[in-house]
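Asker: Provided herewith: run15.pdb, PDB, C-alpha atoms.
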ATOM      1  CA  ALA I   1      11.543  12.307 -17.586
ATOM      2  CA  ALA I   2       9.305   9.967 -15.560
ATOM      3  CA  PHE I   3       5.802  10.706 -14.314
ATOM      4  CA  ARG I   4       3.894   8.628 -11.784
ATOM      5  CA  THR I   5       0.161   8.462 -11.117
ATOM      6  CA  ILE I   6       0.860   6.166  -8.120
ATOM      7  CA  PHE I   7       2.790   7.095  -4.993
ATOM      8  CA  ARG I   8       6.495   6.407  -4.476
ATOM      9  CA  ASP I   9       7.636   3.571  -2.202
ATOM     10  CA  ASP I  10       9.840   5.868  -0.143
ATOM     11  CA  GLU I  11       6.696   7.876   0.656
ATOM     12  CA  GLN I  12       4.910   4.733   1.832
ATOM     13  CA  GLY I  13       7.341   3.933   4.654
ATOM     14  CA  PRO I  14       6.752   7.169   6.599
ATOM     15  CA  VAL I  15       2.984   6.832   6.094
ATOM     16  CA  ALA I  16       3.014   3.257   7.412
ATOM     17  CA  ALA I  17       5.175   4.288  10.362
ATOM     18  CA  ASP I  18       2.882   7.220  11.123
ATOM     19  CA  PHE I  19      -0.145   4.922  11.162
ATOM     20  CA  ILE I  20       1.603   2.308  13.300
ATOM     21  CA  THR I  21       2.797   4.805  15.897
ATOM     22  CA  LYS I  22      -0.016   7.378  15.868
ATOM     23  CA  GLU I  23      -3.162   5.324  15.268
ATOM     24  CA  ARG I  24      -2.081   1.924  16.604
ATOM     25  CA  LYS I  25      -0.008   3.547  19.375
ATOM     26  CA  ALA I  26       2.646   0.853  18.864
ATOM     27  CA  LYS I  27       5.815   1.069  20.961
ATOM     28  CA  LYS I  28       7.491  -2.071  19.627
ATOM     29  CA  VAL I  29       7.396  -3.090  15.963
ATOM     30  CA  ALA I  30       8.692  -6.094  14.021
ATOM     31  CA  VAL I  31       9.528  -5.465  10.349
ATOM     32  CA  VAL I  32      10.074  -8.302   7.874
ATOM     33  CA  ASN I  33      10.932  -8.062   4.163
ATOM     34  CA  ASP I  34      11.699 -10.607   1.426
ATOM     35  CA  ASN I  35      15.020  -9.154   0.184
ATOM     36  CA  THR I  36      13.536  -7.952  -3.119
ATOM     37  CA  THR I  37      14.498  -4.414  -4.074
ATOM     38  CA  TYR I  38      10.964  -3.127  -3.462
ATOM     39  CA  ALA I  39      10.435  -4.852  -0.125
ATOM     40  CA  LYS I  40      13.895  -4.077   1.256
ATOM     41  CA  GLY I  41      13.538  -0.431   0.254
ATOM     42  CA  LEU I  42      10.116  -0.170   1.904
ATOM     43  CA  ALA I  43      11.423  -1.917   5.027
ATOM     44  CA  ASP I  44      14.391   0.452   5.288
ATOM     45  CA  SER I  45      12.269   3.588   4.876
ATOM     46  CA  THR I  46       9.692   2.263   7.368
ATOM     47  CA  VAL I  47      12.303   1.347   9.971
ATOM     48  CA  ALA I  48      13.927   4.784   9.699
ATOM     49  CA  ALA I  49      10.532   6.488  10.042
ATOM     50  CA  LEU I  50       9.486   4.263  12.972
ATOM     51  CA  GLN I  51      12.660   5.131  14.843
ATOM     52  CA  LYS I  52      12.165   8.816  14.067
ATOM     53  CA  ASP I  53       8.613   8.528  15.410
ATOM     54  CA  GLY I  54       9.938   7.052  18.668
ATOM     55  CA  ALA I  55       9.051   3.384  18.192
ATOM     56  CA  GLN I  56      11.442   0.547  19.016
ATOM     57  CA  VAL I  57      12.112  -1.772  16.054
ATOM     58  CA  VAL I  58      12.506  -5.049  17.931
ATOM     59  CA  TYR I  59      12.938  -7.241  14.855
ATOM     60  CA  ASN I  60      14.166  -6.322  11.380
ATOM     61  CA  ASN I  61      15.054  -9.176   9.067
ATOM     62  CA  ALA I  62      14.232 -10.911   5.779
ATOM     63  CA  LEU I  63      12.565 -14.203   4.972
ATOM     64  CA  THR I  64      13.183 -16.361   1.911
ATOM     65  CA  PRO I  65      10.232 -16.090  -0.493
ATOM     66  CA  GLY I  66       8.666 -19.221  -1.960
ATOM     67  CA  GLN I  67       8.815 -21.378   1.158
ATOM     68  CA  SER I  68       5.810 -23.144   2.652
ATOM     69  CA  ASP I  69       6.522 -22.670   6.359
ATOM     70  CA  TYR I  70       7.360 -19.413   8.111
ATOM     71  CA  THR I  71       6.685 -20.497  11.694
ATOM     72  CA  SER I  72      10.386 -20.184  12.555
ATOM     73  CA  ILE I  73      10.282 -16.474  11.617
ATOM     74  CA  LEU I  74       7.084 -15.966  13.582
ATOM     75  CA  THR I  75       8.552 -17.781  16.581
ATOM     76  CA  LYS I  76      11.552 -15.428  16.575
ATOM     77  CA  VAL I  77       9.245 -12.438  16.237
ATOM     78  CA  ASN I  78       7.083 -13.697  19.115
ATOM     79  CA  GLN I  79      10.114 -13.615  21.404
ATOM     80  CA  THR I  80      10.420  -9.854  20.829
ATOM     81  CA  ASN I  81       6.791  -9.266  21.873
ATOM     82  CA  PRO I  82       5.902  -6.587  19.276
ATOM     83  CA  ASP I  83       2.701  -4.567  19.148
ATOM     84  CA  VAL I  84       2.653  -4.654  15.334
ATOM     85  CA  PHE I  85       4.199  -6.980  12.738
ATOM     86  CA  TYR I  86       4.745  -5.169   9.417
ATOM     87  CA  TYR I  87       5.543  -7.186   6.298
ATOM     88  CA  THR I  88       6.848  -5.282   3.279
ATOM     89  CA  GLY I  89       6.974  -8.166   0.789
ATOM     90  CA  TYR I  90       4.327  -9.745  -1.422
ATOM     91  CA  TYR I  91       0.992 -11.472  -0.822
ATOM     92  CA  PRO I  92       2.008 -15.157  -1.320
ATOM     93  CA  GLU I  93       4.305 -15.014   1.704
ATOM     94  CA  PHE I  94       2.112 -12.665   3.745
ATOM     95  CA  GLY I  95      -0.831 -14.995   3.185
ATOM     96  CA  LEU I  96       1.147 -17.855   4.714
ATOM     97  CA  LEU I  97       2.382 -15.630   7.527
ATOM     98  CA  LEU I  98      -1.218 -14.715   8.365
ATOM     99  CA  LYS I  99      -2.353 -18.340   8.227
ATOM    100  CA  GLN I 100       0.499 -19.576  10.405
ATOM    101  CA  ALA I 101       0.235 -16.637  12.816
ATOM    102  CA  LYS I 102      -3.397 -17.648  13.380
ATOM    103  CA  GLN I 103      -2.293 -21.227  14.048
ATOM    104  CA  LEU I 104       0.297 -19.980  16.560
ATOM    105  CA  GLY I 105      -2.273 -17.758  18.253
ATOM    106  CA  VAL I 106      -0.291 -14.526  17.985
ATOM    107  CA  LYS I 107      -1.805 -11.483  19.667
ATOM    108  CA  TYR I 108      -0.056  -8.646  17.866
ATOM    109  CA  GLN I 109      -1.475  -6.768  14.861
ATOM    110  CA  MET I 110      -0.479  -8.164  11.464
ATOM    111  CA  MET I 111      -0.017  -5.528   8.759
ATOM    112  CA  GLY I 112       1.365  -5.567   5.217
ATOM    113  CA  GLY I 113       2.537  -3.066   2.622
ATOM    114  CA  ASP I 114       0.831  -2.351  -0.689
ATOM    115  CA  ALA I 115       2.086  -5.490  -2.436
ATOM    116  CA  ASN I 116      -0.547  -7.356  -0.411
ATOM    117  CA  ASN I 117      -3.755  -5.767  -1.697
ATOM    118  CA  ASP I 118      -4.548  -8.794  -3.877
ATOM    119  CA  PRO I 119      -7.537 -11.112  -3.285
ATOM    120  CA  THR I 120      -5.176 -14.112  -3.469
ATOM    121  CA  LEU I 121      -3.884 -13.010  -0.047
ATOM    122  CA  ILE I 122      -7.285 -13.775   1.452
ATOM    123  CA  LYS I 123      -7.485 -17.190  -0.208
ATOM    124  CA  THR I 124      -4.019 -18.153   1.038
ATOM    125  CA  ALA I 125      -4.515 -16.879   4.582
ATOM    126  CA  GLY I 126      -7.961 -18.389   5.151
ATOM    127  CA  ASP I 127      -9.246 -17.570   8.641
ATOM    128  CA  GLY I 128      -5.932 -15.879   9.380
ATOM    129  CA  ALA I 129      -6.790 -13.016   7.042
ATOM    130  CA  SER I 130      -9.532 -11.590   9.239
ATOM    131  CA  GLY I 131      -8.507  -8.314  10.841
ATOM    132  CA  ALA I 132      -5.193  -7.990   9.024
ATOM    133  CA  LEU I 133      -4.311  -4.505   7.799
ATOM    134  CA  VAL I 134      -2.767  -3.362   4.503
ATOM    135  CA  ASP I 135      -1.633   0.161   3.679
ATOM    136  CA  THR I 136      -2.258   1.012   0.040
ATOM    137  CA  ALA I 137      -3.154   3.617  -2.496
ATOM    138  CA  PRO I 138      -6.964   3.779  -2.534
ATOM    139  CA  LEU I 139      -8.444   0.810  -4.410
ATOM    140  CA  ALA I 140     -10.816   1.551  -7.279
ATOM    141  CA  GLN I 141     -13.840   0.119  -5.472
ATOM    142  CA  PHE I 142     -13.321   2.624  -2.623
ATOM    143  CA  ILE I 143     -13.037   5.727  -4.822
ATOM    144  CA  SER I 144     -16.360   7.405  -5.611
ATOM    145  CA  SER I 145     -14.979   9.058  -8.767
ATOM    146  CA  ALA I 146     -13.981   5.617 -10.101
ATOM    147  CA  SER I 147     -17.431   3.990  -9.818
ATOM    148  CA  GLY I 148     -18.217   4.392 -13.521
ATOM    149  CA  TYR I 149     -14.819   3.001 -14.476
ATOM    150  CA  VAL I 150     -15.295  -0.007 -12.174
ATOM    151  CA  ASP I 151     -18.768  -0.712 -13.605
ATOM    152  CA  GLN I 152     -17.577  -0.531 -17.222
ATOM    153  CA  TYR I 153     -14.457  -2.588 -16.526
ATOM    154  CA  THR I 154     -16.452  -5.282 -14.723
ATOM    155  CA  LYS I 155     -19.058  -5.412 -17.496
ATOM    156  CA  LYS I 156     -16.369  -5.838 -20.158
ATOM    157  CA  TYR I 157     -14.016  -8.276 -18.394
ATOM    158  CA  GLY I 158     -16.300 -10.065 -15.941
ATOM    159  CA  THR I 159     -14.153  -9.123 -12.949
ATOM    160  CA  GLY I 160     -13.263  -5.955 -11.101
ATOM    161  CA  PRO I 161     -10.066  -4.020 -11.866
ATOM    162  CA  GLY I 162      -6.885  -4.918  -9.997
ATOM    163  CA  PRO I 163      -5.296  -2.542  -7.500
ATOM    164  CA  TYR I 164      -3.225  -0.621 -10.064
ATOM    165  CA  GLY I 165      -5.217  -0.759 -13.313
ATOM    166  CA  THR I 166      -7.079   2.401 -12.360
ATOM    167  CA  TYR I 167      -3.800   4.272 -11.930
ATOM    168  CA  ASN I 168      -2.576   3.016 -15.316
ATOM    169  CA  TYR I 169      -5.821   4.315 -16.815
ATOM    170  CA  ASP I 170      -5.183   7.741 -15.296
ATOM    171  CA  GLY I 171      -1.619   7.656 -16.613
ATOM    172  CA  VAL I 172      -2.896   7.288 -20.156
ATOM    173  CA  GLY I 173      -5.528   9.949 -19.535
ATOM    174  CA  ALA I 174      -2.992  12.435 -18.189
ATOM    175  CA  LEU I 175      -0.701  11.743 -21.143
ATOM    176  CA  ALA I 176      -3.562  12.347 -23.588
ATOM    177  CA  ALA I 177      -4.405  15.601 -21.815
ATOM    178  CA  ALA I 178      -0.763  16.707 -22.058
ATOM    179  CA  ILE I 179      -0.621  15.906 -25.785
ATOM    180  CA  ALA I 180      -3.764  17.962 -26.287
ATOM    181  CA  LYS I 181      -2.336  20.818 -24.192
ATOM    182  CA  ALA I 182       0.952  20.771 -26.125
ATOM    183  CA  ASN I 183      -0.893  20.294 -29.420
ATOM    184  CA  SER I 184       2.120  18.196 -30.360
ATOM    185  CA  THR I 185       3.561  14.696 -30.198
ATOM    186  CA  ASP I 186       7.080  16.025 -29.613
ATOM    187  CA  SER I 187       8.360  14.406 -26.406
ATOM    188  CA  ALA I 188       9.956  17.569 -25.010
ATOM    189  CA  LYS I 189       6.742  19.525 -25.487
ATOM    190  CA  ILE I 190       4.660  16.745 -23.930
ATOM    191  CA  THR I 191       7.025  16.588 -20.941
ATOM    192  CA  ASP I 192       6.676  20.331 -20.453
ATOM    193  CA  ALA I 193       2.898  20.042 -20.717
ATOM    194  CA  LEU I 194       2.814  17.286 -18.096
ATOM    195  CA  HIS I 195       4.838  19.449 -15.713
ATOM    196  CA  ASN I 196       2.371  22.284 -16.310
ATOM    197  CA  LEU I 197      -0.796  20.227 -16.563
ATOM    198  CA  GLY I 198      -2.170  21.584 -13.298
ATOM    199  CA  ASP I 199      -4.857  19.605 -11.487
ATOM    200  CA  TYR I 200      -5.905  16.605 -13.554
ATOM    201  CA  GLN I 201      -9.266  15.091 -12.680
ATOM    202  CA  GLY I 202      -8.784  11.359 -13.074
ATOM    203  CA  VAL I 203     -10.823   8.389 -11.964
ATOM    204  CA  THR I 204      -8.475   8.055  -8.967
ATOM    205  CA  GLY I 205      -9.147  11.648  -7.947
ATOM    206  CA  THR I 206      -7.648  15.037  -8.686
ATOM    207  CA  PHE I 207      -3.861  15.254  -8.762
ATOM    208  CA  HIS I 208      -0.917  17.090 -10.298
ATOM    209  CA  PHE I 209       2.730  16.286 -10.927
ATOM    210  CA  ASP I 210       5.496  17.992  -8.941
ATOM    211  CA  LYS I 211       8.843  19.045 -10.408
ATOM    212  CA  ASN I 212      10.088  15.441 -10.141
ATOM    213  CA  GLY I 213       7.059  14.063 -11.977
ATOM    214  CA  ASP I 214       5.630  12.540  -8.799
ATOM    215  CA  ARG I 215       1.930  12.558  -8.030
ATOM    216  CA  GLN I 216       0.696  15.033  -5.461
ATOM    217  CA  PRO I 217      -1.015  14.908  -3.068
ATOM    218  CA  VAL I 218      -0.012  11.590  -1.487
ATOM    219  CA  ASP I 219      -3.132   9.796  -0.280
ATOM    220  CA  TYR I 220      -2.495   6.366   1.249
ATOM    221  CA  ILE I 221      -5.266   4.566   3.100
ATOM    222  CA  VAL I 222      -5.335   1.476   5.319
ATOM    223  CA  ILE I 223      -7.682  -1.377   4.478
ATOM    224  CA  THR I 224      -8.611  -4.463   6.436
ATOM    225  CA  ILE I 225     -10.118  -7.866   5.707
ATOM    226  CA  GLN I 226     -13.620  -8.697   6.892
ATOM    227  CA  ASN I 227     -15.772 -11.643   5.815
ATOM    228  CA  GLY I 228     -13.302 -12.554   3.078
ATOM    229  CA  LYS I 229     -13.189  -9.084   1.499
ATOM    230  CA  PHE I 230     -11.032  -5.975   1.607
ATOM    231  CA  VAL I 231     -12.869  -3.076   3.224
ATOM    232  CA  PRO I 232     -11.731   0.474   4.079
ATOM    233  CA  ALA I 233     -10.389   0.802   7.617
ATOM    234  CA  TYR I 234      -8.574   4.115   8.076
ATOM    235  CA  ALA I 235      -7.777   7.271   6.128
ATOM    236  CA  LYS I 236      -6.320  10.652   6.957
ATOM    237  CA  ASN I 237      -8.715  13.565   7.342
ATOM    238  CA  SER I 238      -8.120  17.102   6.126
ATOM    239  CA  SER I 239      -6.129  17.819   9.303
ATOM    240  CA  GLY I 240      -3.776  14.933   8.663
ATOM    241  CA  GLN I 241      -5.168  12.790  11.479
ATOM    242  CA  TRP I 242      -6.051   9.123  11.045
ATOM    243  CA  GLU I 243      -9.754   8.368  11.184
ATOM    244  CA  LYS I 244     -11.720   5.150  10.982
ATOM    245  CA  ALA I 245     -13.488   4.738   7.659
ATOM    246  CA  GLY I 246     -16.965   6.198   7.740
ATOM    247  CA  SER I 247     -16.378   8.204  10.905
TER     248      SER I 247
END
Please rewrite the model in this file as structure tokens.
Answerer:
Amino acid sequence: AAFRTIFRDDEQGPVAADFITKERKAKKVAVVNDNTTYAKGLADSTVAALQKDGAQVVYNNALTPGQSDYTSILTKVNQTNPDVFYYTGYYPEFGLLLKQAKQLGVKYQMMGGDANNDPTLIKTAGDGASGALVDTAPLAQFISSASGYVDQYTKKYGTGPGPYGTYNYDGVGALAAAIAKANSTDSAKITDALHNLGDYQGVTGTFHFDKNGDRQPVDYIVITIQNGKFVPAYAKNSSGQWEKAGS
């Protein structure tokens, strides 16, 4: 059995598509991946969801990771005149795409998947990072229940936690709670306890595992880059509608 404290990639695609079509009101979307299993899977699920949501996918292709110049890709994308460019690969390439898009003067919205929530993206992109969007599980610094964890982590290691360390921490915490509930270290009993753990109050919020071991509820947010830092941009409210952060 597998249990996840982070959301599944095939759940991310529909969320990204919903944001692109509902909040950004995009009619035409360009989707680029890097041919890795993760990025191709996210691209496929996003494209399917975009089409279901009524958007036209005007470009859907892969780049070759590790190159230093992606202007040819951007030039091809420009010819399709998209409203949003969504990149499902990783931050080294997206950083260059942002930098070179700025140099080309593109007007459409640049957006990346959750493999781009790393500060290195901002360093690589330079001025091109400003205003870019990234959909992601909530980062530790934006979760009120994680403030104590962030403070202790920073004090011990001299830097803030990465985007997924907090979820690893909750994974260990949920496992410990299941062992205590089962009063056993037998794997079958622990698995049963995890399935019946109920709402677990972790530093990333309160969640439970469904019958597949996946975290519920799913709670993606969209962040942006301002003044060289990631800041919250959009989140869904209790009615399932996208709202600007702080509104």
Asker: Kindly indicate which residue among I:Thr21, I:Asn212, I:Asn61, I:Asn227 lies nearest to Asn35 of chain I, using all atoms listed in the file for the distances.
Answerer: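 Of I:Thr21, I:Asn212, I:Asn61, I:Asn227, the one nearest Asn35 of chain I, counting all atoms listed in the file, is I:Asn61.
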Asker: The PyMOL selection byres ((chain I and resi 60) around 7) on the file shown: which residues, as a PyMOL selection string?
Answerer: chain I and resi 30-32+57-59+61
Asker: With C-alpha atoms retained, could you export that selection as a PDB file, in the frame of the given file?
Answerer:
ATOM      1  CA  ALA I  30       8.692  -6.094  14.021  1.00  0.00           C
ATOM      2  CA  VAL I  31       9.528  -5.465  10.349  1.00  0.00           C
ATOM      3  CA  VAL I  32      10.074  -8.302   7.874  1.00  0.00           C
ATOM      4  CA  VAL I  57      12.112  -1.772  16.054  1.00  0.00           C
ATOM      5  CA  VAL I  58      12.506  -5.049  17.931  1.00  0.00           C
ATOM      6  CA  TYR I  59      12.938  -7.241  14.855  1.00  0.00           C
ATOM      7  CA  ASN I  61      15.054  -9.176   9.067  1.00  0.00           C
TER       8      ASN I  61
END
Asker: Choose the residue, out of I:Asp53, I:Glu23, I:Asp135, I:Asp10, that has the smallest atom-to-atom separation from Ala115 of chain I; count only C-alpha atoms.
Answerer: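 For Ala115 of chain I, the nearest of the given residues is I:Asp135.
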Asker: Find the residue from I:Thr124, I:Thr136, I:Ser45, I:Thr166 that sits nearest to Tyr220 of chain I; use all atoms listed in the file when measuring.
Answerer: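 Among I:Thr124, I:Thr136, I:Ser45, I:Thr166, it is I:Thr136 that comes nearest to Tyr220 of chain I.
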Asker: Pick from I:Thr204, I:Thr71, I:Asn183, I:Asn196: nearest to Asp170 of chain I, with all atoms listed in the file counted?
Answerer: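 Residue with the minimum atom-to-atom distance to Asp170 of chain I: I:Thr204.
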Asker: (-16.8, 7.6, -16.7) in this file's frame - what residues fall within 12 Å of it? Use all atoms listed in the file and give the answer as a ChimeraX atom specification.
Answerer: /I:144-153,166,169-170,173,201-204
Asker: Can you pull out every residue within 7 Å of Ile223 of chain I, counting only C-alpha atoms, but drop anything in the same chain fewer than 2 positions away, and send it as a list of chain:residue names?
Answerer: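 In the requested form, the answer reads I:Leu133, I:Val134, I:Asp135, I:Ile221, I:Phe230, I:Val231, I:Pro232, I:Ala233, I:Tyr234.
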Asker: Measure the distance from atom CA of Phe19 of chain I to atom CA of Lys229 of chain I in Å and round it to one decimal.
Answerer: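 According to the coordinates, atom CA of Phe19 of chain I and atom CA of Lys229 of chain I are separated by 21.4 Å.
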Asker: Pick the closest to His208 of chain I from I:Val222, I:Leu74, I:Ile20, I:Leu194: which is it, counting only C-alpha atoms?
Answerer: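 So, comparing all the options, the nearest one is I:Leu194.
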Asker: Would you please work out which residue, of I:Glu11, I:Asp83, I:Asp69, I:Asp127, is nearest to Arg24 of chain I when using only C-alpha atoms?
Answerer: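 Answer, going by the shortest atom-to-atom distance: I:Asp83.
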Asker: Quote the spacing between atom CA of Ala62 of chain I and atom CA of Asp18 of chain I in Å to one decimal place.
Answerer: 22.0 Å
Asker: Between atom CA of Thr88 of chain I and atom CA of Asp44 of chain I, what is the spacing in Å?
Answerer: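 Straight-line distance from atom CA of Asp44 of chain I to atom CA of Thr88 of chain I works out to 9.7 Å.
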Asker: I want to know what sits within 10 Å of Asp34 of chain I, based on only C-alpha atoms, with residues of the same chain fewer than 2 positions away left out; could you give that as a ChimeraX atom specification?
Answerer: /I:32,36-40,43,61-66,87-90,93
Asker: Any chance you could work out the axis-aligned box around segment 108-121 of chain I, listed atoms only, 5 Å on each side, giving centre and edge lengths in Å to one decimal, as JSON?
Answerer:
{"center_x": -2.5, "center_y": -8.2, "center_z": 7.0, "size_x": 20.1, "size_y": 21.8, "size_z": 31.7}
Asker: Where does the PyMOL selection byres ((chain I and resi 96-103) around 9) land in this file, that is, which residues does it pick, as a list in words?
Answerer: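 On the file shown, the PyMOL selection byres ((chain I and resi 96-103) around 9) covers Ser68, Asp69, Tyr70, Thr71, Ile73, Leu74, Tyr91, Pro92, Glu93, Phe94, Gly95, Leu104, Gly105, Val106, Lys107, Met110, Leu121, Thr124, Ala125, Gly126, Asp127, Gly128, Ala129, Ser130 and Ala132 of chain I.
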Asker: Which residues, named as in the file, does the PyMOL selection byres ((chain I and resi 216) around 9) pick out? Answer as an NGL selection string.
Answerer: :I and (5 or 7 or 206-210 or 214-215 or 217-219)
Asker: Please return segment 148-157 of chain I, rebuilt to all heavy atoms, as a short mmCIF file (atom, residue, chain, number, x, y, z; two decimals), in the coordinates of the input.
Answerer:
data_model
loop_
_atom_site.label_atom_id
_atom_site.label_comp_id
_atom_site.auth_asym_id
_atom_site.auth_seq_id
_atom_site.Cartn_x
_atom_site.Cartn_y
_atom_site.Cartn_z
N GLY I 148 -17.87 4.66 -12.12
CA GLY I 148 -18.22 4.39 -13.52
C GLY I 148 -17.18 3.53 -14.20
O GLY I 148 -17.52 2.61 -14.96
N TYR I 149 -15.92 3.80 -13.92
CA TYR I 149 -14.82 3.00 -14.48
C TYR I 149 -14.93 1.55 -14.01
O TYR I 149 -14.80 0.61 -14.81
CB TYR I 149 -13.48 3.59 -14.04
CG TYR I 149 -12.29 2.72 -14.31
CD1 TYR I 149 -11.64 2.72 -15.54
CD2 TYR I 149 -11.78 1.88 -13.32
CE1 TYR I 149 -10.54 1.90 -15.78
CE2 TYR I 149 -10.69 1.06 -13.55
CZ TYR I 149 -10.07 1.08 -14.77
OH TYR I 149 -8.99 0.27 -15.01
N VAL I 150 -15.18 1.35 -12.73
CA VAL I 150 -15.30 -0.01 -12.17
C VAL I 150 -16.45 -0.75 -12.84
O VAL I 150 -16.33 -1.93 -13.21
CB VAL I 150 -15.49 0.04 -10.65
CG1 VAL I 150 -15.79 -1.36 -10.10
CG2 VAL I 150 -14.24 0.60 -9.97
N ASP I 151 -17.60 -0.08 -12.99
CA ASP I 151 -18.77 -0.71 -13.60
C ASP I 151 -18.47 -1.13 -15.05
O ASP I 151 -18.80 -2.25 -15.46
CB ASP I 151 -19.96 0.25 -13.57
CG ASP I 151 -20.51 0.46 -12.17
OD1 ASP I 151 -20.16 -0.35 -11.28
OD2 ASP I 151 -21.26 1.43 -11.97
N GLN I 152 -17.87 -0.23 -15.82
CA GLN I 152 -17.58 -0.53 -17.22
C GLN I 152 -16.52 -1.63 -17.35
O GLN I 152 -16.64 -2.50 -18.21
CB GLN I 152 -17.10 0.74 -17.93
CG GLN I 152 -18.19 1.79 -18.09
CD GLN I 152 -17.65 3.07 -18.73
OE1 GLN I 152 -16.83 3.02 -19.63
NE2 GLN I 152 -18.13 4.21 -18.26
N TYR I 153 -15.52 -1.58 -16.50
CA TYR I 153 -14.46 -2.59 -16.53
C TYR I 153 -15.04 -3.97 -16.20
O TYR I 153 -14.76 -4.96 -16.88
CB TYR I 153 -13.37 -2.22 -15.51
CG TYR I 153 -12.14 -3.09 -15.56
CD1 TYR I 153 -10.98 -2.64 -16.18
CD2 TYR I 153 -12.11 -4.36 -14.96
CE1 TYR I 153 -9.85 -3.42 -16.23
CE2 TYR I 153 -10.99 -5.15 -15.01
CZ TYR I 153 -9.84 -4.68 -15.64
OH TYR I 153 -8.73 -5.46 -15.68
N THR I 154 -15.86 -4.01 -15.15
CA THR I 154 -16.45 -5.28 -14.72
C THR I 154 -17.38 -5.85 -15.80
O THR I 154 -17.39 -7.06 -16.05
CB THR I 154 -17.22 -5.08 -13.41
OG1 THR I 154 -16.34 -4.53 -12.43
CG2 THR I 154 -17.77 -6.41 -12.90
N LYS I 155 -18.14 -4.97 -16.44
CA LYS I 155 -19.06 -5.41 -17.50
C LYS I 155 -18.28 -6.00 -18.67
O LYS I 155 -18.69 -7.02 -19.25
CB LYS I 155 -19.91 -4.23 -17.97
CG LYS I 155 -20.96 -4.59 -19.01
CD LYS I 155 -21.81 -3.38 -19.37
CE LYS I 155 -22.86 -3.74 -20.41
NZ LYS I 155 -23.70 -2.57 -20.77
N LYS I 156 -17.14 -5.40 -19.00
CA LYS I 156 -16.37 -5.84 -20.16
C LYS I 156 -15.56 -7.10 -19.88
O LYS I 156 -15.49 -8.01 -20.71
CB LYS I 156 -15.43 -4.72 -20.62
CG LYS I 156 -14.65 -5.07 -21.89
CD LYS I 156 -13.91 -3.88 -22.44
CE LYS I 156 -13.13 -4.22 -23.70
NZ LYS I 156 -13.99 -4.64 -24.82
N TYR I 157 -14.95 -7.18 -18.66
CA TYR I 157 -14.02 -8.28 -18.39
C TYR I 157 -14.54 -9.32 -17.42
O TYR I 157 -13.88 -10.34 -17.19
CB TYR I 157 -12.70 -7.71 -17.88
CG TYR I 157 -12.00 -6.82 -18.89
CD1 TYR I 157 -11.98 -5.44 -18.72
CD2 TYR I 157 -11.39 -7.35 -20.02
CE1 TYR I 157 -11.36 -4.61 -19.66
CE2 TYR I 157 -10.78 -6.54 -20.96
CZ TYR I 157 -10.76 -5.17 -20.77
OH TYR I 157 -10.16 -4.37 -21.70
#
